[in-house]
Amino acid sequence: MRVIAGTAKGHKLKAPKGMDTRPTTDKIKETLFNMISQDIYDSNFLDLYSGTGAIGIEALSRGAKKAVFIDKSHICKMIIEDNLIHTKLKDKGIIYQIDVSKGLDILKEKDEKFDIIFMDPPYWDNNIEKILEKIVRLNLISPIGYIIVEHSSEKDIQNLYRLQIWKEKVFKTTRMTFLKILEESL
């Protein structure tokens, strides 16, 4: 696993041992960033269920102004810190070791808004819709912002609260679903 483009291009990233995390493959990451490349520069990026931090670090490498990482694992927090130091992007990253739902509350308290929110929950997680609703209710998306959910290609996202699907990319076992706030909700 490596940084594909930008100021940290080619830097290898650490990952935890075992199967507790499922890092996004380089092929999927490259496709994703090709799709969002025009929106990255100077953006505020939120990486939920961060794991290794690879997606947020890629965004920083490509010119994002700031990336916030949220993961409840202590091991993942240490790996994200190491990866940010290794890529020389530490000054642009903020890491919270906390449950995603509680982390969203902290971001609301700090009056944060994000242009791109990426979430990659465990494929077995049944809280995707609840987290999406909370993001919208807490008003964490900037007016031009959107959410990307990496999830199982076998699972649809349903019960969208004031969100609409505007784009999807399906891979063999993975789906990237892009969501925006409904126009009438703005």
# chains A, B, ... in the order shown; residues from 1 in each chain; ligands from 1
>>> residues_around(residues="region 126-133 of chain A", least_positions_apart="5", cutoff="7 Å", atoms="only C-alpha atoms", output="PDB file with N, CA and C atoms, in the first residue's frame")
ATOM      1  N   SER A 101     -19.551   7.718  15.690  1.00  0.00           N
ATOM      2  CA  SER A 101     -20.714   8.513  16.084  1.00  0.00           C
ATOM      3  C   SER A 101     -20.332   9.584  17.107  1.00  0.00           C
ATOM      4  N   ILE A 157     -27.400   1.011  -0.035  1.00  0.00           N
ATOM      5  CA  ILE A 157     -27.655   1.974   1.036  1.00  0.00           C
ATOM      6  C   ILE A 157     -29.094   2.434   0.867  1.00  0.00           C
ATOM      7  N   GLN A 158     -29.868   2.317   1.939  1.00  0.00           N
ATOM      8  CA  GLN A 158     -31.290   2.652   1.870  1.00  0.00           C
ATOM      9  C   GLN A 158     -31.627   3.694   2.938  1.00  0.00           C
ATOM     10  N   ASN A 159     -32.865   4.129   2.922  1.00  0.00           N
ATOM     11  CA  ASN A 159     -33.361   5.082   3.927  1.00  0.00           C
ATOM     12  C   ASN A 159     -32.454   6.300   4.045  1.00  0.00           C
ATOM     13  N   LEU A 160     -32.234   6.954   2.927  1.00  0.00           N
ATOM     14  CA  LEU A 160     -31.361   8.124   2.908  1.00  0.00           C
ATOM     15  C   LEU A 160     -32.089   9.335   3.467  1.00  0.00           C
ATOM     16  N   TYR A 161     -31.517   9.922   4.497  1.00  0.00           N
ATOM     17  CA  TYR A 161     -32.085  11.086   5.167  1.00  0.00           C
ATOM     18  C   TYR A 161     -31.551  12.339   4.496  1.00  0.00           C
TER      19      TYR A 161
END
>>> residues_around(residues="Gly53 (chain A)", least_positions_apart="3", cutoff="10 Å", atoms="only C-alpha atoms", output="compact mmCIF listing (two decimals) with N, CA and C atoms, in the first residue's frame")
# COMPACT_ATOMS: atom_id res chain seq x y z
N LEU A 13 2.91 2.97 3.02
CA LEU A 13 2.17 3.20 4.25
C LEU A 13 2.12 1.92 5.08
N LYS A 14 2.18 2.10 6.38
CA LYS A 14 2.05 0.97 7.30
C LYS A 14 0.59 0.55 7.40
N ALA A 15 0.38 -0.71 7.71
CA ALA A 15 -0.96 -1.24 7.95
C ALA A 15 -0.89 -2.20 9.13
N PRO A 23 -7.77 -2.44 4.15
CA PRO A 23 -7.35 -1.25 3.41
C PRO A 23 -7.89 -1.24 1.98
N ASP A 47 -12.06 11.53 7.01
CA ASP A 47 -11.85 10.10 6.76
C ASP A 47 -12.40 9.33 7.96
N LEU A 48 -13.60 8.74 7.80
CA LEU A 48 -14.25 7.99 8.87
C LEU A 48 -13.91 6.51 8.76
N TYR A 49 -13.76 5.85 9.90
CA TYR A 49 -13.31 4.46 9.95
C TYR A 49 -11.97 4.39 9.23
N SER A 50 -11.04 5.23 9.64
CA SER A 50 -9.82 5.53 8.90
C SER A 50 -8.88 4.36 8.68
N GLY A 56 -7.32 9.53 3.56
CA GLY A 56 -7.09 10.91 3.98
C GLY A 56 -5.68 11.39 3.65
N ILE A 57 -4.70 10.52 3.78
CA ILE A 57 -3.32 10.87 3.44
C ILE A 57 -3.19 11.11 1.94
N GLU A 58 -3.85 10.30 1.14
CA GLU A 58 -3.85 10.51 -0.31
C GLU A 58 -4.45 11.88 -0.64
N ALA A 67 -7.08 17.16 6.76
CA ALA A 67 -7.80 15.88 6.84
C ALA A 67 -7.97 15.51 8.30
N VAL A 68 -9.20 15.11 8.63
CA VAL A 68 -9.51 14.63 9.97
C VAL A 68 -9.76 13.13 9.86
N PHE A 69 -9.13 12.38 10.75
CA PHE A 69 -9.22 10.93 10.76
C PHE A 69 -9.94 10.49 12.02
N ILE A 70 -10.93 9.60 11.88
CA ILE A 70 -11.62 9.06 13.05
C ILE A 70 -11.63 7.53 12.96
N ASP A 71 -11.08 6.91 13.98
CA ASP A 71 -11.09 5.45 14.10
C ASP A 71 -11.02 5.12 15.59
N CYS A 76 -4.79 1.58 15.11
CA CYS A 76 -4.96 2.38 13.90
C CYS A 76 -4.52 3.82 14.13
N LYS A 77 -4.82 4.37 15.30
CA LYS A 77 -4.39 5.75 15.59
C LYS A 77 -2.87 5.86 15.51
N ILE A 79 -0.82 3.93 13.84
CA ILE A 79 -0.40 3.73 12.45
C ILE A 79 -0.65 4.98 11.61
N ILE A 80 -1.81 5.62 11.82
CA ILE A 80 -2.09 6.86 11.09
C ILE A 80 -1.05 7.92 11.45
N GLU A 81 -0.73 8.05 12.74
CA GLU A 81 0.30 9.01 13.17
C GLU A 81 1.63 8.72 12.47
N ASP A 82 2.04 7.45 12.47
CA ASP A 82 3.30 7.07 11.82
C ASP A 82 3.26 7.38 10.32
N ASN A 83 2.12 7.08 9.68
CA ASN A 83 1.99 7.33 8.25
C ASN A 83 2.01 8.83 7.93
N LEU A 84 1.39 9.64 8.77
CA LEU A 84 1.42 11.09 8.57
C LEU A 84 2.85 11.65 8.75
N GLY A 93 -2.98 16.92 9.45
CA GLY A 93 -3.87 15.85 9.87
C GLY A 93 -4.24 15.94 11.34
N ILE A 95 -6.21 13.52 14.27
CA ILE A 95 -6.68 12.15 14.50
C ILE A 95 -7.49 12.09 15.79
>>> select_by_dssp(residues="region 64-138 of chain A", states="helix (DSSP H, G or I)", output="ChimeraX atom specification")
/A:74-86,90-92,100-109,128-137
>>> closest_residue(among="A:Ala8, A:Leu46, A:Asp115, A:Lys110", to="Arg62 (chain A)", atoms="only C-alpha atoms")
A:Ala8
>>> atom_distance(atom1="CA of Gln97 (chain A)", atom2="CA of Gln164 (chain A)")
29.5 Å
>>> select_by_dssp(residues="region 91-155 of chain A", states="strand (DSSP E)", output="list of chain:residue names")
A:Gly93, A:Ile94, A:Ile95, A:Tyr96, A:Gln97, A:Phe114, A:Asp115, A:Ile116, A:Ile117, A:Phe118, A:Met119, A:Ile141, A:Ser142, A:Pro143, A:Ile144, A:Gly145, A:Tyr146, A:Ile147, A:Ile148, A:Val149, A:Glu150, A:His151, A:Ser152
>>> closest_residue(among="A:Lys88, A:Lys172, A:Tyr41, A:Trp124", to="Thr25 (chain A)", atoms="only C-alpha atoms")
A:Lys172
>>> closest_residue(among="A:Ala59, A:Leu140, A:Ile28, A:Ile165", to="Ala5 (chain A)", atoms="only C-alpha atoms")
A:Ala59
>>> atom_distance(atom1="CA of Ser152 (chain A)", atom2="CA of Glu30 (chain A)")
18.1 Å
>>> residues_around(residues="Ile148 (chain A)", least_positions_apart="5", cutoff="10 Å", atoms="only C-alpha atoms", output="number ranges by chain")
A: 32, 47, 116-120, 165, 167-168, 175-180
>>> closest_residue(among="A:Thr24, A:Ser61, A:Thr87, A:Ser153", to="Asp42 (chain A)", atoms="only C-alpha atoms")
A:Ser61
>>> closest_residue(among="A:Lys169, A:Arg2, A:Lys17, A:Lys9", to="Ala54 (chain A)", atoms="only C-alpha atoms")
A:Arg2
